[in-house]
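Asks: Could you have a look at this structure, given as structure tokens, before my questions?
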Amino acid sequence: MLRVIEKRTDDSMLRLLVCDLDGTLLMRGQPFDPRDVQALHTLGANGVVRAIATGRALATARHVIPAEFPIDYLVFSSGAGILDWRTQQLLVAHTLQPQQTELAVRTFLGHELDFMIHAPIPDQHIFRFHRTGKPNADFERRLARYVAEGRAFEHGAADSPASQLLAVSSDADAAEPFDKLRRELPGLSVIRATSPLDGRSLWIEAFAPGASKSQAAAWIARTHAISREDTWAIGNDYNDQDLLQWACRAVVVRNAPTTLRAQYTPVDSVGAWLHATFTTGLGPPH
């Protein structure tokens with residue numbers, strides 16, 4: 001195992017690394033950095049379990065991650081599913097039951113949100129949508145991107161299983177609608193994210209209980225008998241918060257929101273962080 005160079009009195013070791021994807025490992029409009037990829041290769045050669053945890057659905061994650069990418073697991077849809085990357089076997093899939101979907105729909109409608117209801121895994125690309133008619137450029141942008149798989153939501157047709165609900169809000173006070181929805185849906189996993197499309201709008205996602213990046217990471221750790229003390233994570237947005245709080249050591253990249261950079265050490269990239277931390281060479285630093 002790789003031992004860290006830090007002024008610590010314990011003998012902790014990295015055995016599980018969980019990385020966010022968009023904005024962390026993969027920057028908009030750019031390929032994966034070869035130095036990050038080499039670092040992940042080296043970790044794997046040293047027995048470290050590597051996972052990507054993304055808010056992307058399975059199909060869109062597969063679209064951008066090469067089949068030979070050096071990871072062991074893909075956590076997709078913010079923890080709703082876990083895939084063995086090498087075998088492509090679906091290991092975990094969380095589903096909103098009909099009554100949970102109905103409750104979430106009723107709550108989203110009550111807040112006059114534009115939202116989408118995605119079909120259960122692995123058919124998440126199929127969805128129904130509800131628009132309020134108010135201006136919402138980010139919602140329309142997402143709808144246009146996946147319109148071939150979508151159809152309008154019919155009121156009274158909410159009682160079916162779903163992988164998630166995703167609402168898009170352009171509300172200037174991003175925290176307020178999220179906090180209200182989380183209080184009103186205490187039995188569900190409600191996650192906040194910044195839109196990857198415009199970098200500003202608020203996305204509010206409702207998942208089944210137990211669906212989160214942190215719970216997925218914990219499942220992987222248990223599968224490999226890895227102590228939480230030997231887990232590390234890196235992210236860049238609000239939907240990484242539960243993962244960052246769960247991991248023994250966590251950092252964010254420098255494009256993270258100010259509030260996250262105040263809580264976690266900012267680093268330049270995954271490769272730069274690992275190179276600066278470990279005694280074993282991981283390739284040239286950034």
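Going by the structure tokens order, chains are called A, B, ..., each with residues numbered from 1, while ligands are numbered from 1 in the order shown.
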Residues within 10 Å of Ala119 in chain A, please, as number ranges by chain. Count only C-alpha atoms; anything in the same chain fewer than 4 positions from it doesn't count.
Replies: A: 95-96, 123-128, 160-165
Asks: What does the file look like for those residues with C-alpha atoms, as a PDB file, in the first residue's frame?
Replies:
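Wrote it out as again-v8.pdb, contents follow:
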ATOM      1  CA  THR A  95     -35.609   2.601  -6.843  1.00  0.00           C
ATOM      2  CA  LEU A  96     -38.275   5.018  -5.668  1.00  0.00           C
ATOM      3  CA  ASP A 123     -33.690   2.764 -18.221  1.00  0.00           C
ATOM      4  CA  GLN A 124     -32.971   6.168 -16.677  1.00  0.00           C
ATOM      5  CA  HIS A 125     -32.718   7.811 -20.085  1.00  0.00           C
ATOM      6  CA  ILE A 126     -36.512   7.493 -20.346  1.00  0.00           C
ATOM      7  CA  PHE A 127     -38.342  10.248 -18.484  1.00  0.00           C
ATOM      8  CA  ARG A 128     -41.505  12.276 -18.091  1.00  0.00           C
ATOM      9  CA  SER A 160     -44.987   4.315 -10.701  1.00  0.00           C
ATOM     10  CA  PRO A 161     -41.426   3.372  -9.731  1.00  0.00           C
ATOM     11  CA  ALA A 162     -38.644   5.796 -10.654  1.00  0.00           C
ATOM     12  CA  SER A 163     -34.908   6.116 -10.293  1.00  0.00           C
ATOM     13  CA  GLN A 164     -35.136   9.796  -9.381  1.00  0.00           C
ATOM     14  CA  LEU A 165     -36.855  13.139  -9.751  1.00  0.00           C
TER      15      LEU A 165
END
Asks: Tell me which protein, DNA and RNA residues are within 9 Å of Arg142 in chain A, counting only C-alpha atoms, leaving out same-chain ones fewer than 5 positions away, and put them as a list in words.
Replies: Ala137, Val147 and Leu197 of chain A
Asks: Would you list the contacts of Trp203 in chain A as a PDB file with N, CA, C and O atoms, in the first residue's frame, taking every protein, DNA or RNA residue within 10 Å and counting only C-alpha atoms, but skipping same-chain residues closer than 3 positions in sequence?
Replies:
ATOM      1  N   PHE A 115     -39.664  19.897 -13.498  1.00  0.00           N
ATOM      2  CA  PHE A 115     -38.949  18.697 -13.091  1.00  0.00           C
ATOM      3  C   PHE A 115     -39.131  17.563 -14.086  1.00  0.00           C
ATOM      4  O   PHE A 115     -39.994  17.597 -14.974  1.00  0.00           O
ATOM      5  N   ASP A 138     -32.293  26.718 -18.259  1.00  0.00           N
ATOM      6  CA  ASP A 138     -31.506  25.524 -17.977  1.00  0.00           C
ATOM      7  C   ASP A 138     -32.356  24.263 -18.098  1.00  0.00           C
ATOM      8  O   ASP A 138     -31.896  23.243 -18.607  1.00  0.00           O
ATOM      9  N   PHE A 139     -33.606  24.337 -17.641  1.00  0.00           N
ATOM     10  CA  PHE A 139     -34.514  23.204 -17.790  1.00  0.00           C
ATOM     11  C   PHE A 139     -34.753  22.905 -19.266  1.00  0.00           C
ATOM     12  O   PHE A 139     -34.702  21.740 -19.697  1.00  0.00           O
ATOM     13  N   LEU A 166     -35.759  14.993 -10.828  1.00  0.00           N
ATOM     14  CA  LEU A 166     -34.779  16.069 -10.938  1.00  0.00           C
ATOM     15  C   LEU A 166     -35.501  17.362 -11.273  1.00  0.00           C
ATOM     16  O   LEU A 166     -36.153  17.461 -12.318  1.00  0.00           O
ATOM     17  N   ALA A 167     -35.405  18.329 -10.365  1.00  0.00           N
ATOM     18  CA  ALA A 167     -36.006  19.643 -10.581  1.00  0.00           C
ATOM     19  C   ALA A 167     -34.915  20.657 -10.887  1.00  0.00           C
ATOM     20  O   ALA A 167     -33.807  20.568 -10.359  1.00  0.00           O
ATOM     21  N   VAL A 168     -35.238  21.613 -11.742  1.00  0.00           N
ATOM     22  CA  VAL A 168     -34.308  22.675 -12.100  1.00  0.00           C
ATOM     23  C   VAL A 168     -34.907  24.001 -11.656  1.00  0.00           C
ATOM     24  O   VAL A 168     -36.036  24.345 -12.027  1.00  0.00           O
ATOM     25  N   SER A 169     -34.152  24.738 -10.848  1.00  0.00           N
ATOM     26  CA  SER A 169     -34.611  26.020 -10.329  1.00  0.00           C
ATOM     27  C   SER A 169     -33.591  27.101 -10.652  1.00  0.00           C
ATOM     28  O   SER A 169     -32.393  26.912 -10.477  1.00  0.00           O
ATOM     29  N   SER A 170     -34.082  28.230 -11.119  1.00  0.00           N
ATOM     30  CA  SER A 170     -33.206  29.378 -11.366  1.00  0.00           C
ATOM     31  C   SER A 170     -33.274  30.365 -10.211  1.00  0.00           C
ATOM     32  O   SER A 170     -32.818  31.507 -10.334  1.00  0.00           O
ATOM     33  N   ALA A 174     -30.340  29.835  -3.764  1.00  0.00           N
ATOM     34  CA  ALA A 174     -30.323  28.407  -4.048  1.00  0.00           C
ATOM     35  C   ALA A 174     -30.633  27.553  -2.828  1.00  0.00           C
ATOM     36  O   ALA A 174     -31.216  26.482  -2.937  1.00  0.00           O
ATOM     37  N   PHE A 178     -34.093  24.222  -1.705  1.00  0.00           N
ATOM     38  CA  PHE A 178     -33.519  22.925  -1.368  1.00  0.00           C
ATOM     39  C   PHE A 178     -33.832  22.548   0.071  1.00  0.00           C
ATOM     40  O   PHE A 178     -34.275  21.438   0.361  1.00  0.00           O
ATOM     41  N   ILE A 191     -30.833  15.725  -2.793  1.00  0.00           N
ATOM     42  CA  ILE A 191     -29.469  16.185  -3.052  1.00  0.00           C
ATOM     43  C   ILE A 191     -29.483  17.463  -3.869  1.00  0.00           C
ATOM     44  O   ILE A 191     -30.270  17.607  -4.809  1.00  0.00           O
ATOM     45  N   ARG A 192     -28.607  18.362  -3.506  1.00  0.00           N
ATOM     46  CA  ARG A 192     -28.454  19.635  -4.216  1.00  0.00           C
ATOM     47  C   ARG A 192     -27.228  19.578  -5.120  1.00  0.00           C
ATOM     48  O   ARG A 192     -26.189  19.057  -4.743  1.00  0.00           O
ATOM     49  N   ALA A 193     -27.354  20.126  -6.334  1.00  0.00           N
ATOM     50  CA  ALA A 193     -26.211  20.196  -7.246  1.00  0.00           C
ATOM     51  C   ALA A 193     -26.290  21.469  -8.068  1.00  0.00           C
ATOM     52  O   ALA A 193     -27.379  22.009  -8.298  1.00  0.00           O
ATOM     53  N   THR A 194     -25.152  21.950  -8.500  1.00  0.00           N
ATOM     54  CA  THR A 194     -25.094  23.063  -9.432  1.00  0.00           C
ATOM     55  C   THR A 194     -25.217  22.505 -10.844  1.00  0.00           C
ATOM     56  O   THR A 194     -24.585  21.499 -11.180  1.00  0.00           O
ATOM     57  N   SER A 195     -26.022  23.117 -11.668  1.00  0.00           N
ATOM     58  CA  SER A 195     -26.216  22.622 -13.026  1.00  0.00           C
ATOM     59  C   SER A 195     -24.890  22.542 -13.773  1.00  0.00           C
ATOM     60  O   SER A 195     -24.153  23.526 -13.847  1.00  0.00           O
ATOM     61  N   PRO A 196     -24.592  21.375 -14.362  1.00  0.00           N
ATOM     62  CA  PRO A 196     -23.391  21.282 -15.183  1.00  0.00           C
ATOM     63  C   PRO A 196     -23.572  21.921 -16.551  1.00  0.00           C
ATOM     64  O   PRO A 196     -22.608  22.036 -17.314  1.00  0.00           O
ATOM     65  N   ARG A 200     -24.829  27.594 -13.009  1.00  0.00           N
ATOM     66  CA  ARG A 200     -25.458  28.540 -12.077  1.00  0.00           C
ATOM     67  C   ARG A 200     -26.746  27.990 -11.456  1.00  0.00           C
ATOM     68  O   ARG A 200     -26.977  28.157 -10.263  1.00  0.00           O
ATOM     69  N   ASN A 239     -23.224  18.343  -4.451  1.00  0.00           N
ATOM     70  CA  ASN A 239     -23.650  16.947  -4.427  1.00  0.00           C
ATOM     71  C   ASN A 239     -22.528  15.997  -4.015  1.00  0.00           C
ATOM     72  O   ASN A 239     -22.729  14.785  -3.949  1.00  0.00           O
TER      73      ASN A 239
END
Asks: Write down as JSON, numbers by chain the residues belonging to range 137-269 of chain A that are assigned helix (DSSP H, G or I) by DSSP computed on the backbone.
Replies: {"A": [137, 138, 139, 140, 141, 142, 143, 144, 145, 146, 147, 148, 149, 175, 176, 177, 178, 179, 180, 181, 182, 183, 184, 213, 214, 215, 216, 217, 218, 219, 220, 221, 222, 223, 228, 229, 230, 238, 239, 240, 241, 242, 243, 244, 245, 246, 258, 259, 260, 261, 262, 263]}
Asks: Each residue of range 155-274 of chain A with at least one atom at most 12 Å from range 64-75 of chain A should appear once, together with its nearest atom pair and the corresponding distance in Å (one decimal); atoms considered: only C-alpha atoms; ordering: chain, then increasing residue number; output as a Markdown table.
Replies:
| residue | atom | partner | partner_atom | distance |
| --- | --- | --- | --- | --- |
| A:Ala211 | CA | A:Val75 | CA | 10.2 |
| A:Ser212 | CA | A:Val75 | CA | 9.1 |
| A:Lys213 | CA | A:Val75 | CA | 7.1 |
| A:Ser214 | CA | A:Val75 | CA | 10.0 |
| A:Gln215 | CA | A:Val75 | CA | 10.1 |
| A:Ala216 | CA | A:Val75 | CA | 6.8 |
| A:Ala217 | CA | A:Val75 | CA | 8.1 |
| A:Ala218 | CA | A:Val75 | CA | 11.4 |
| A:Trp219 | CA | A:Val75 | CA | 10.5 |
| A:Ile220 | CA | A:Tyr73 | CA | 8.2 |
| A:Ala221 | CA | A:Tyr73 | CA | 11.3 |
| A:Thr223 | CA | A:Tyr73 | CA | 11.6 |
| A:His224 | CA | A:Asp72 | CA | 11.5 |
| A:Leu243 | CA | A:Val75 | CA | 11.5 |
Asks: Restricting the calculation to only C-alpha atoms, which member of A:Ser201, A:Pro120, A:Asp230, A:Thr265 is positioned closest to Gln97 in chain A?
Replies: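 Of A:Ser201, A:Pro120, A:Asp230, A:Thr265, the one nearest Gln97 in chain A is A:Pro120, counting only C-alpha atoms.
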Asks: Would you mind reading off the distance between CA of Gly210 in chain A and CA of Glu112 in chain A, one decimal, in Å?
Replies: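 That distance, rounded to one decimal, is 26.3 Å.
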Asks: Which is closest to Ile204 in chain A among A:Ala225, A:Ala51, A:Leu181, A:Ile121, if we use only C-alpha atoms?
Replies: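 Closest residue, counting only C-alpha atoms: A:Leu181.
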Asks: Could you give me, as a list in words, each residue of range 156-260 of chain A that DSSP assigns to strand (DSSP E) when run on this structure's backbone?
Replies: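 Filtering range 156-260 of chain A down to strand (DSSP E) leaves Gln164, Leu165, Leu166, Ala167, Val168, Ser169, Ser189, Val190, Ile191, Arg192, Ala193, Thr194, Leu202, Trp203, Ile204, Glu205, Ala206, Phe207, Thr231, Trp232, Ala233, Ile234, Gly235, Arg249, Ala250, Val251, Val252 and Val253 of chain A.
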Asks: What is the CA of Val92 in chain A to CA of Arg56 in chain A distance in Å?
Replies: 15.5 Å
Asks: Given the choices A:Asn236, A:Gln89, A:Ser77, A:Thr101, which gets closest to Leu26 in chain A if the distance is worked out from only C-alpha atoms?
Replies: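 Once distances to Leu26 in chain A are computed over only C-alpha atoms, the minimum belongs to A:Asn236.
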